[in-house]
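Undergrad: Have a peek at model_12.cif (mmCIF, N, CA and C atoms).
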```cif
data_coords
#
loop_
_atom_site.label_atom_id
_atom_site.label_comp_id
_atom_site.auth_asym_id
_atom_site.auth_seq_id
_atom_site.Cartn_x
_atom_site.Cartn_y
_atom_site.Cartn_z
N MET A 1 -43.98 35.10 -57.73
CA MET A 1 -44.10 34.86 -56.31
C MET A 1 -43.28 35.87 -55.52
N LYS A 2 -42.08 36.23 -56.06
CA LYS A 2 -41.21 37.16 -55.37
C LYS A 2 -41.92 38.50 -55.14
N TYR A 3 -42.61 38.96 -56.16
CA TYR A 3 -43.29 40.25 -56.05
C TYR A 3 -44.48 40.18 -55.11
N LEU A 4 -45.17 39.05 -55.07
CA LEU A 4 -46.27 38.87 -54.14
C LEU A 4 -45.76 38.99 -52.71
N GLY A 5 -44.64 38.36 -52.42
CA GLY A 5 -44.05 38.46 -51.09
C GLY A 5 -43.68 39.88 -50.74
N LEU A 6 -43.10 40.60 -51.70
CA LEU A 6 -42.72 41.99 -51.47
C LEU A 6 -43.94 42.87 -51.23
N ILE A 7 -45.00 42.67 -52.01
CA ILE A 7 -46.24 43.43 -51.82
C ILE A 7 -46.85 43.14 -50.45
N MET A 8 -46.80 41.86 -50.04
CA MET A 8 -47.34 41.50 -48.73
C MET A 8 -46.54 42.17 -47.60
N ILE A 9 -45.23 42.23 -47.76
CA ILE A 9 -44.39 42.88 -46.74
C ILE A 9 -44.76 44.35 -46.62
N ILE A 10 -44.83 45.03 -47.74
CA ILE A 10 -45.16 46.47 -47.72
C ILE A 10 -46.56 46.69 -47.16
N GLY A 11 -47.52 45.89 -47.63
CA GLY A 11 -48.90 46.02 -47.11
C GLY A 11 -48.99 45.72 -45.63
N GLY A 12 -48.27 44.72 -45.17
CA GLY A 12 -48.27 44.37 -43.76
C GLY A 12 -47.68 45.46 -42.89
N VAL A 13 -46.58 46.06 -43.35
CA VAL A 13 -45.96 47.15 -42.59
C VAL A 13 -46.90 48.34 -42.52
N LEU A 14 -47.53 48.69 -43.65
CA LEU A 14 -48.47 49.82 -43.65
C LEU A 14 -49.67 49.53 -42.74
N ALA A 15 -50.19 48.30 -42.79
CA ALA A 15 -51.33 47.94 -41.94
C ALA A 15 -50.94 48.01 -40.46
N THR A 16 -49.71 47.60 -40.15
CA THR A 16 -49.25 47.64 -38.76
C THR A 16 -49.19 49.07 -38.26
N PHE A 17 -48.60 49.97 -39.05
CA PHE A 17 -48.48 51.35 -38.61
C PHE A 17 -49.82 52.09 -38.60
N ASN A 18 -50.70 51.76 -39.52
CA ASN A 18 -52.02 52.39 -39.53
C ASN A 18 -52.89 51.90 -38.37
N GLY A 19 -52.63 50.74 -37.85
CA GLY A 19 -53.44 50.20 -36.78
C GLY A 19 -52.79 50.30 -35.42
N LEU A 20 -51.99 51.35 -35.20
CA LEU A 20 -51.28 51.48 -33.93
C LEU A 20 -52.21 51.48 -32.73
N GLY A 21 -53.39 51.95 -32.86
CA GLY A 21 -54.32 51.96 -31.73
C GLY A 21 -55.22 50.74 -31.68
N GLU A 22 -55.25 49.97 -32.73
CA GLU A 22 -56.15 48.82 -32.81
C GLU A 22 -55.33 47.53 -32.84
N PRO A 23 -55.40 46.75 -31.77
CA PRO A 23 -54.58 45.53 -31.67
C PRO A 23 -54.83 44.52 -32.79
N PHE A 24 -56.09 44.33 -33.20
CA PHE A 24 -56.38 43.35 -34.24
C PHE A 24 -55.70 43.72 -35.55
N GLN A 25 -55.76 45.00 -35.93
CA GLN A 25 -55.16 45.44 -37.18
C GLN A 25 -53.63 45.33 -37.10
N MET A 26 -53.05 45.57 -35.94
CA MET A 26 -51.61 45.45 -35.78
C MET A 26 -51.17 43.99 -35.93
N ILE A 27 -51.92 43.09 -35.28
CA ILE A 27 -51.59 41.66 -35.36
C ILE A 27 -51.72 41.18 -36.80
N LEU A 28 -52.78 41.61 -37.48
CA LEU A 28 -52.98 41.23 -38.87
C LEU A 28 -51.83 41.75 -39.74
N GLY A 29 -51.42 42.99 -39.50
CA GLY A 29 -50.31 43.58 -40.26
C GLY A 29 -49.00 42.83 -40.05
N VAL A 30 -48.74 42.47 -38.80
CA VAL A 30 -47.51 41.72 -38.49
C VAL A 30 -47.56 40.35 -39.17
N ALA A 31 -48.72 39.69 -39.11
CA ALA A 31 -48.85 38.36 -39.73
C ALA A 31 -48.64 38.43 -41.23
N VAL A 32 -49.24 39.43 -41.88
CA VAL A 32 -49.08 39.58 -43.33
C VAL A 32 -47.62 39.86 -43.67
N THR A 33 -46.96 40.70 -42.87
CA THR A 33 -45.54 40.99 -43.09
C THR A 33 -44.71 39.72 -42.97
N PHE A 34 -44.99 38.93 -41.94
CA PHE A 34 -44.25 37.69 -41.71
C PHE A 34 -44.41 36.72 -42.88
N PHE A 35 -45.66 36.46 -43.28
CA PHE A 35 -45.89 35.52 -44.37
C PHE A 35 -45.35 36.05 -45.70
N GLY A 36 -45.41 37.36 -45.89
CA GLY A 36 -44.83 37.95 -47.10
C GLY A 36 -43.32 37.75 -47.14
N SER A 37 -42.66 37.91 -46.00
CA SER A 37 -41.21 37.70 -45.96
C SER A 37 -40.87 36.23 -46.20
N GLN A 38 -41.71 35.32 -45.70
CA GLN A 38 -41.47 33.89 -45.95
C GLN A 38 -41.58 33.57 -47.44
N ILE A 39 -42.58 34.12 -48.08
CA ILE A 39 -42.76 33.89 -49.52
C ILE A 39 -41.59 34.49 -50.29
N TYR A 40 -41.19 35.71 -49.94
CA TYR A 40 -40.09 36.37 -50.62
C TYR A 40 -38.79 35.60 -50.44
N ASN A 41 -38.48 35.18 -49.21
CA ASN A 41 -37.24 34.46 -48.95
C ASN A 41 -37.24 33.06 -49.55
N GLN A 42 -38.40 32.41 -49.59
CA GLN A 42 -38.49 31.08 -50.18
C GLN A 42 -38.12 31.14 -51.66
N LYS A 43 -38.61 32.09 -52.34
CA LYS A 43 -38.32 32.24 -53.76
C LYS A 43 -36.84 32.54 -53.96
N GLN A 44 -36.28 33.42 -53.13
CA GLN A 44 -34.87 33.75 -53.23
C GLN A 44 -34.02 32.51 -52.99
N GLY A 45 -34.37 31.70 -52.00
CA GLY A 45 -33.63 30.49 -51.69
C GLY A 45 -33.64 29.51 -52.83
N GLN A 46 -34.77 29.40 -53.52
CA GLN A 46 -34.84 28.48 -54.65
C GLN A 46 -33.94 28.96 -55.78
N ILE A 47 -33.89 30.24 -56.00
CA ILE A 47 -33.04 30.78 -57.06
C ILE A 47 -31.58 30.55 -56.70
N MET A 48 -31.22 30.85 -55.45
CA MET A 48 -29.85 30.67 -55.04
C MET A 48 -29.46 29.19 -55.07
N GLY A 49 -30.34 28.32 -54.63
CA GLY A 49 -30.07 26.89 -54.63
C GLY A 49 -29.86 26.37 -56.04
N ALA A 50 -30.63 26.88 -57.00
CA ALA A 50 -30.48 26.43 -58.38
C ALA A 50 -29.14 26.87 -58.94
N ASP A 51 -28.70 28.09 -58.60
CA ASP A 51 -27.42 28.57 -59.09
C ASP A 51 -26.27 27.74 -58.54
N VAL A 52 -26.34 27.40 -57.27
CA VAL A 52 -25.27 26.64 -56.64
C VAL A 52 -25.19 25.24 -57.23
N SER A 53 -26.34 24.62 -57.48
CA SER A 53 -26.32 23.25 -58.00
C SER A 53 -25.82 23.18 -59.44
N GLN A 54 -25.86 24.29 -60.16
CA GLN A 54 -25.41 24.27 -61.54
C GLN A 54 -23.90 24.41 -61.65
N LYS A 55 -23.24 24.91 -60.60
CA LYS A 55 -21.80 25.06 -60.64
C LYS A 55 -21.14 23.70 -60.43
N PRO A 56 -20.12 23.40 -61.21
CA PRO A 56 -19.43 22.13 -61.00
C PRO A 56 -18.65 22.17 -59.68
N LYS A 57 -18.70 21.08 -58.94
CA LYS A 57 -17.98 21.01 -57.68
C LYS A 57 -16.54 20.64 -57.96
N GLN A 58 -15.62 21.44 -57.42
CA GLN A 58 -14.21 21.18 -57.62
C GLN A 58 -13.69 20.38 -56.43
N LYS A 59 -12.87 19.40 -56.73
CA LYS A 59 -12.31 18.56 -55.69
C LYS A 59 -10.84 18.92 -55.52
N PHE A 60 -10.44 19.22 -54.31
CA PHE A 60 -9.06 19.57 -54.02
C PHE A 60 -8.29 18.30 -53.73
N GLU A 61 -7.14 18.16 -54.36
CA GLU A 61 -6.30 17.00 -54.13
C GLU A 61 -4.95 17.45 -53.63
N LEU A 62 -4.57 16.95 -52.48
CA LEU A 62 -3.28 17.27 -51.89
C LEU A 62 -2.23 16.37 -52.53
N THR A 63 -1.28 16.97 -53.21
CA THR A 63 -0.27 16.19 -53.91
C THR A 63 0.94 15.94 -53.00
N ASP A 64 1.77 14.99 -53.40
CA ASP A 64 2.99 14.70 -52.66
C ASP A 64 3.91 15.92 -52.66
N GLU A 65 3.93 16.63 -53.78
CA GLU A 65 4.76 17.84 -53.88
C GLU A 65 4.34 18.89 -52.85
N MET A 66 3.05 19.03 -52.63
CA MET A 66 2.56 19.98 -51.62
C MET A 66 3.01 19.59 -50.22
N ILE A 67 3.01 18.29 -49.95
CA ILE A 67 3.46 17.81 -48.64
C ILE A 67 4.95 18.10 -48.47
N VAL A 68 5.74 17.90 -49.52
CA VAL A 68 7.17 18.19 -49.47
C VAL A 68 7.40 19.68 -49.23
N ARG A 69 6.64 20.52 -49.90
CA ARG A 69 6.78 21.98 -49.69
C ARG A 69 6.43 22.38 -48.27
N LEU A 70 5.41 21.75 -47.71
CA LEU A 70 5.05 22.02 -46.31
C LEU A 70 6.20 21.63 -45.40
N ALA A 71 6.79 20.48 -45.65
CA ALA A 71 7.92 20.04 -44.84
C ALA A 71 9.09 21.02 -44.95
N GLN A 72 9.33 21.54 -46.14
CA GLN A 72 10.40 22.51 -46.34
C GLN A 72 10.16 23.78 -45.51
N ARG A 73 8.92 24.18 -45.41
CA ARG A 73 8.58 25.36 -44.59
C ARG A 73 8.80 25.08 -43.11
N LEU A 74 8.75 23.80 -42.73
CA LEU A 74 8.90 23.42 -41.33
C LEU A 74 10.26 22.77 -41.08
N GLU A 75 11.30 23.36 -41.63
CA GLU A 75 12.69 22.93 -41.43
C GLU A 75 12.95 21.50 -41.90
N ASN A 76 12.29 21.09 -42.97
CA ASN A 76 12.47 19.78 -43.60
C ASN A 76 12.13 18.60 -42.70
N LYS A 77 11.29 18.84 -41.72
CA LYS A 77 10.81 17.72 -40.91
C LYS A 77 9.33 17.91 -40.64
N LEU A 78 8.62 16.79 -40.60
CA LEU A 78 7.17 16.85 -40.52
C LEU A 78 6.67 15.68 -39.69
N THR A 79 5.67 15.95 -38.85
CA THR A 79 5.04 14.88 -38.08
C THR A 79 3.63 14.64 -38.62
N VAL A 80 3.07 13.53 -38.23
CA VAL A 80 1.69 13.21 -38.62
C VAL A 80 0.75 14.31 -38.13
N GLU A 81 0.97 14.74 -36.89
CA GLU A 81 0.10 15.77 -36.30
C GLU A 81 0.19 17.08 -37.08
N GLN A 82 1.41 17.47 -37.45
CA GLN A 82 1.57 18.71 -38.20
C GLN A 82 0.87 18.64 -39.56
N LEU A 83 1.02 17.51 -40.23
CA LEU A 83 0.40 17.36 -41.54
C LEU A 83 -1.12 17.39 -41.43
N SER A 84 -1.68 16.75 -40.42
CA SER A 84 -3.14 16.74 -40.28
C SER A 84 -3.66 18.10 -39.85
N GLN A 85 -2.88 18.85 -39.09
CA GLN A 85 -3.32 20.18 -38.66
C GLN A 85 -3.23 21.20 -39.78
N GLN A 86 -2.27 21.04 -40.67
CA GLN A 86 -2.03 22.02 -41.73
C GLN A 86 -2.83 21.73 -43.00
N THR A 87 -3.49 20.57 -43.06
CA THR A 87 -4.23 20.19 -44.26
C THR A 87 -5.61 19.68 -43.87
N THR A 88 -6.34 19.19 -44.86
CA THR A 88 -7.67 18.64 -44.61
C THR A 88 -7.63 17.15 -44.30
N LEU A 89 -6.44 16.59 -44.21
CA LEU A 89 -6.30 15.17 -43.94
C LEU A 89 -6.59 14.84 -42.48
N THR A 90 -7.17 13.68 -42.26
CA THR A 90 -7.32 13.20 -40.89
C THR A 90 -5.96 12.69 -40.42
N ARG A 91 -5.86 12.39 -39.15
CA ARG A 91 -4.59 11.88 -38.62
C ARG A 91 -4.20 10.57 -39.31
N GLU A 92 -5.17 9.69 -39.53
CA GLU A 92 -4.88 8.41 -40.18
C GLU A 92 -4.44 8.61 -41.63
N GLN A 93 -5.12 9.52 -42.33
CA GLN A 93 -4.75 9.79 -43.72
C GLN A 93 -3.36 10.40 -43.80
N ALA A 94 -3.05 11.30 -42.86
CA ALA A 94 -1.73 11.93 -42.83
C ALA A 94 -0.64 10.88 -42.60
N LYS A 95 -0.89 9.95 -41.70
CA LYS A 95 0.09 8.89 -41.44
C LYS A 95 0.29 8.03 -42.69
N GLU A 96 -0.80 7.68 -43.37
CA GLU A 96 -0.70 6.89 -44.60
C GLU A 96 0.11 7.62 -45.66
N ARG A 97 -0.14 8.92 -45.81
CA ARG A 97 0.57 9.69 -46.84
C ARG A 97 2.06 9.78 -46.51
N LEU A 98 2.40 10.01 -45.24
CA LEU A 98 3.81 10.09 -44.87
C LEU A 98 4.50 8.74 -45.00
N GLU A 99 3.81 7.68 -44.65
CA GLU A 99 4.37 6.33 -44.83
C GLU A 99 4.60 6.03 -46.31
N HIS A 100 3.67 6.46 -47.14
CA HIS A 100 3.81 6.28 -48.59
C HIS A 100 5.04 7.03 -49.10
N LEU A 101 5.22 8.27 -48.66
CA LEU A 101 6.39 9.05 -49.07
C LEU A 101 7.67 8.40 -48.56
N HIS A 102 7.63 7.84 -47.38
CA HIS A 102 8.80 7.14 -46.82
C HIS A 102 9.15 5.92 -47.66
N GLN A 103 8.13 5.15 -48.06
CA GLN A 103 8.36 3.97 -48.88
C GLN A 103 8.91 4.33 -50.26
N LYS A 104 8.52 5.50 -50.77
CA LYS A 104 9.02 5.96 -52.07
C LYS A 104 10.43 6.53 -51.96
N GLY A 105 10.92 6.72 -50.75
CA GLY A 105 12.25 7.27 -50.55
C GLY A 105 12.31 8.78 -50.56
N VAL A 106 11.16 9.43 -50.48
CA VAL A 106 11.12 10.89 -50.49
C VAL A 106 11.55 11.45 -49.13
N CYS A 107 11.29 10.71 -48.07
CA CYS A 107 11.67 11.15 -46.74
C CYS A 107 12.21 9.95 -45.96
N GLN A 108 12.86 10.27 -44.85
CA GLN A 108 13.45 9.24 -43.99
C GLN A 108 12.90 9.39 -42.57
N ILE A 109 12.98 8.30 -41.83
CA ILE A 109 12.61 8.34 -40.42
C ILE A 109 13.87 8.11 -39.61
N ASN A 110 14.18 9.02 -38.70
CA ASN A 110 15.32 8.87 -37.83
C ASN A 110 14.81 8.37 -36.49
N LEU A 111 14.94 7.06 -36.27
CA LEU A 111 14.41 6.48 -35.03
C LEU A 111 15.20 6.91 -33.81
N ASP A 112 16.41 7.41 -34.01
CA ASP A 112 17.19 7.91 -32.87
C ASP A 112 16.65 9.25 -32.40
N ASN A 113 15.86 9.91 -33.23
CA ASN A 113 15.35 11.24 -32.92
C ASN A 113 13.88 11.22 -32.50
N VAL A 114 13.37 10.07 -32.11
CA VAL A 114 11.98 9.97 -31.67
C VAL A 114 11.88 10.58 -30.27
N GLU A 115 10.95 11.47 -30.08
CA GLU A 115 10.78 12.12 -28.78
C GLU A 115 10.21 11.14 -27.76
N GLU A 116 10.33 11.49 -26.51
CA GLU A 116 9.79 10.65 -25.44
C GLU A 116 8.30 10.41 -25.61
N SER A 117 7.60 11.37 -26.22
CA SER A 117 6.16 11.25 -26.41
C SER A 117 5.83 10.24 -27.51
N GLY A 118 6.84 9.79 -28.24
CA GLY A 118 6.61 8.85 -29.33
C GLY A 118 6.38 9.54 -30.66
N LYS A 119 6.55 10.84 -30.70
CA LYS A 119 6.36 11.60 -31.94
C LYS A 119 7.48 11.29 -32.92
N ILE A 120 7.10 10.85 -34.10
CA ILE A 120 8.06 10.49 -35.14
C ILE A 120 8.16 11.63 -36.14
N TYR A 121 9.39 12.03 -36.43
CA TYR A 121 9.62 13.05 -37.44
C TYR A 121 10.03 12.39 -38.75
N TYR A 122 9.35 12.80 -39.80
CA TYR A 122 9.72 12.38 -41.15
C TYR A 122 10.63 13.47 -41.69
N LEU A 123 11.85 13.10 -42.05
CA LEU A 123 12.86 14.06 -42.47
C LEU A 123 12.96 14.10 -43.99
N PHE A 124 12.85 15.29 -44.54
CA PHE A 124 12.90 15.50 -45.98
C PHE A 124 14.22 16.16 -46.31
N SER A 125 14.76 15.82 -47.48
CA SER A 125 16.05 16.43 -47.87
C SER A 125 15.87 17.44 -48.97
#
```
What do you get writing this file as structure tokens?
TA:
Amino acid sequence: MKYLGLIMIIGGVLATFNGLGEPFQMILGVAVTFFGSQIYNQKQGQIMGADVSQKPKQKFELTDEMIVRLAQRLENKLTVEQLSQQTTLTREQAKERLEHLHQKGVCQINLDNVEESGKIYYLFS
């Protein structure tokens, strides 16, 4: 099928240029070129789609250690907003992960250091 599409493209282009003075032949050449490109691209898409589906999908998992390293880069303090912006976590997921780390004793919350906006910093040591 791939070669049929390629032959149609070449034939359509030649027919278009040979029919420069004749509108019907030009339209026919353009149509053949168009349909040839559709056939050629359809076959290519099927091949590419098959290759992609055969590759195993890898799942990225954000570990607690990665969150701690991020906090270290940010002066050992991290907010929910920072964690969600720097990772693929949603705001709710980021809050759950930081709360989990707090419960494990990995980080602390200093309620005296809460900003007027209500932003809570999780402090890592």
Undergrad: I'd like the interatomic distance between atom C of A:Glu116 and atom N of A:Val68, to a tenth of an Å.
TA: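 These two atoms are separated by 25.2 Å.
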Undergrad: Mind giving me the straight-line distance from atom C of A:Asn76 to atom N of A:Phe60 in Å, one decimal?
TA: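 Separating atom C of A:Asn76 from atom N of A:Phe60 is a distance of 25.4 Å.
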Undergrad: At what distance in Å, to one decimal, does atom C of A:Gln42 lie from atom N of A:Val30?
TA: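 If I compute the distance from atom N of A:Val30 to atom C of A:Gln42, I get 20.2 Å.
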Undergrad: Tell me which protein, DNA and RNA residues are within 6.5 Å of A:Thr33, counting only N, CA and C atoms, leaving out same-chain ones fewer than 6 positions away, and put them as a list of chain:residue names.
TA: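 Using only N, CA and C atoms, the neighbours found are A:Met8, A:Ile9, A:Ile10, A:Gly11, A:Gly12, A:Val13.
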Undergrad: Restricting the output to N, CA and C atoms, write the selected residues as a PDB file, in the frame of the given file.
TA:
```
ATOM      1  N   MET A   8     -46.800  41.860 -50.040  1.00  0.00           N
ATOM      2  CA  MET A   8     -47.340  41.500 -48.730  1.00  0.00           C
ATOM      3  C   MET A   8     -46.540  42.170 -47.600  1.00  0.00           C
ATOM      4  N   ILE A   9     -45.230  42.230 -47.760  1.00  0.00           N
ATOM      5  CA  ILE A   9     -44.390  42.880 -46.740  1.00  0.00           C
ATOM      6  C   ILE A   9     -44.760  44.350 -46.620  1.00  0.00           C
ATOM      7  N   ILE A  10     -44.830  45.030 -47.740  1.00  0.00           N
ATOM      8  CA  ILE A  10     -45.160  46.470 -47.720  1.00  0.00           C
ATOM      9  C   ILE A  10     -46.560  46.690 -47.160  1.00  0.00           C
ATOM     10  N   GLY A  11     -47.520  45.890 -47.630  1.00  0.00           N
ATOM     11  CA  GLY A  11     -48.900  46.020 -47.110  1.00  0.00           C
ATOM     12  C   GLY A  11     -48.990  45.720 -45.630  1.00  0.00           C
ATOM     13  N   GLY A  12     -48.270  44.720 -45.170  1.00  0.00           N
ATOM     14  CA  GLY A  12     -48.270  44.370 -43.760  1.00  0.00           C
ATOM     15  C   GLY A  12     -47.680  45.460 -42.890  1.00  0.00           C
ATOM     16  N   VAL A  13     -46.580  46.060 -43.350  1.00  0.00           N
ATOM     17  CA  VAL A  13     -45.960  47.150 -42.590  1.00  0.00           C
ATOM     18  C   VAL A  13     -46.900  48.340 -42.520  1.00  0.00           C
TER      19      VAL A  13
END
```
Undergrad: Pick out each residue of stretch 30-125 of chain A that DSSP on the backbone tags as strand (DSSP E); I need them as an MDAnalysis selection string.
TA: chainID A and resid 77:78 107:109 122:124
Undergrad: Nearest residue to A:Leu62 out of A:Val80, A:Ala94, A:Ile39, A:Leu74, using only C-alpha atoms?
TA: A:Ala94
Undergrad: Nearest to A:Leu123: which of A:Leu83, A:Val32, A:Leu78, A:Leu101 is it, counting all atoms listed in the file?
TA: A:Leu78
Undergrad: Using DSSP assignments from the backbone, pull out every residue in chain A that falls under helix (DSSP H, G or I) and give it to me as a PyMOL selection string.
TA: chain A and resi 2-18+23-54+64-73+80-86+91-104+111-113
Undergrad: Ranking A:Val114, A:Tyr122, A:Ser37, A:Thr16 by minimum distance to A:Ala71 and counting all atoms listed in the file, which one comes first?
TA: A:Tyr122
Undergrad: Given only C-alpha atoms as the basis, pick out the residue of A:Thr90, A:Lys95, A:Gln82, A:Lys77 nearest to A:Asn113.
TA: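 Among the listed residues, the smallest separation from A:Asn113 belongs to A:Lys77.
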Undergrad: Assuming 3 Å of padding per side, give the centre and edge lengths of the axis-aligned box around every listed atom of stretch 26-33 of chain A, in Å to one decimal and as JSON.
TA:
```
{"center_x": -48.9, "center_y": 42.0, "center_z": -39.5, "size_x": 14.3, "size_y": 13.2, "size_z": 14.4}
```
Undergrad: Which of these residues is nearest to A:Asn41, using only N, CA and C atoms: A:Phe124, A:Leu6, A:Arg97, A:Glu75?
TA: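 Closest residue, counting only N, CA and C atoms: A:Leu6.
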Undergrad: Taking all atoms listed in the file into account, which of A:Thr63, A:Cys107, A:Arg69, A:Lys119 comes nearest A:Glu81?
TA: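 Closest to A:Glu81, using all atoms listed in the file: A:Lys119.
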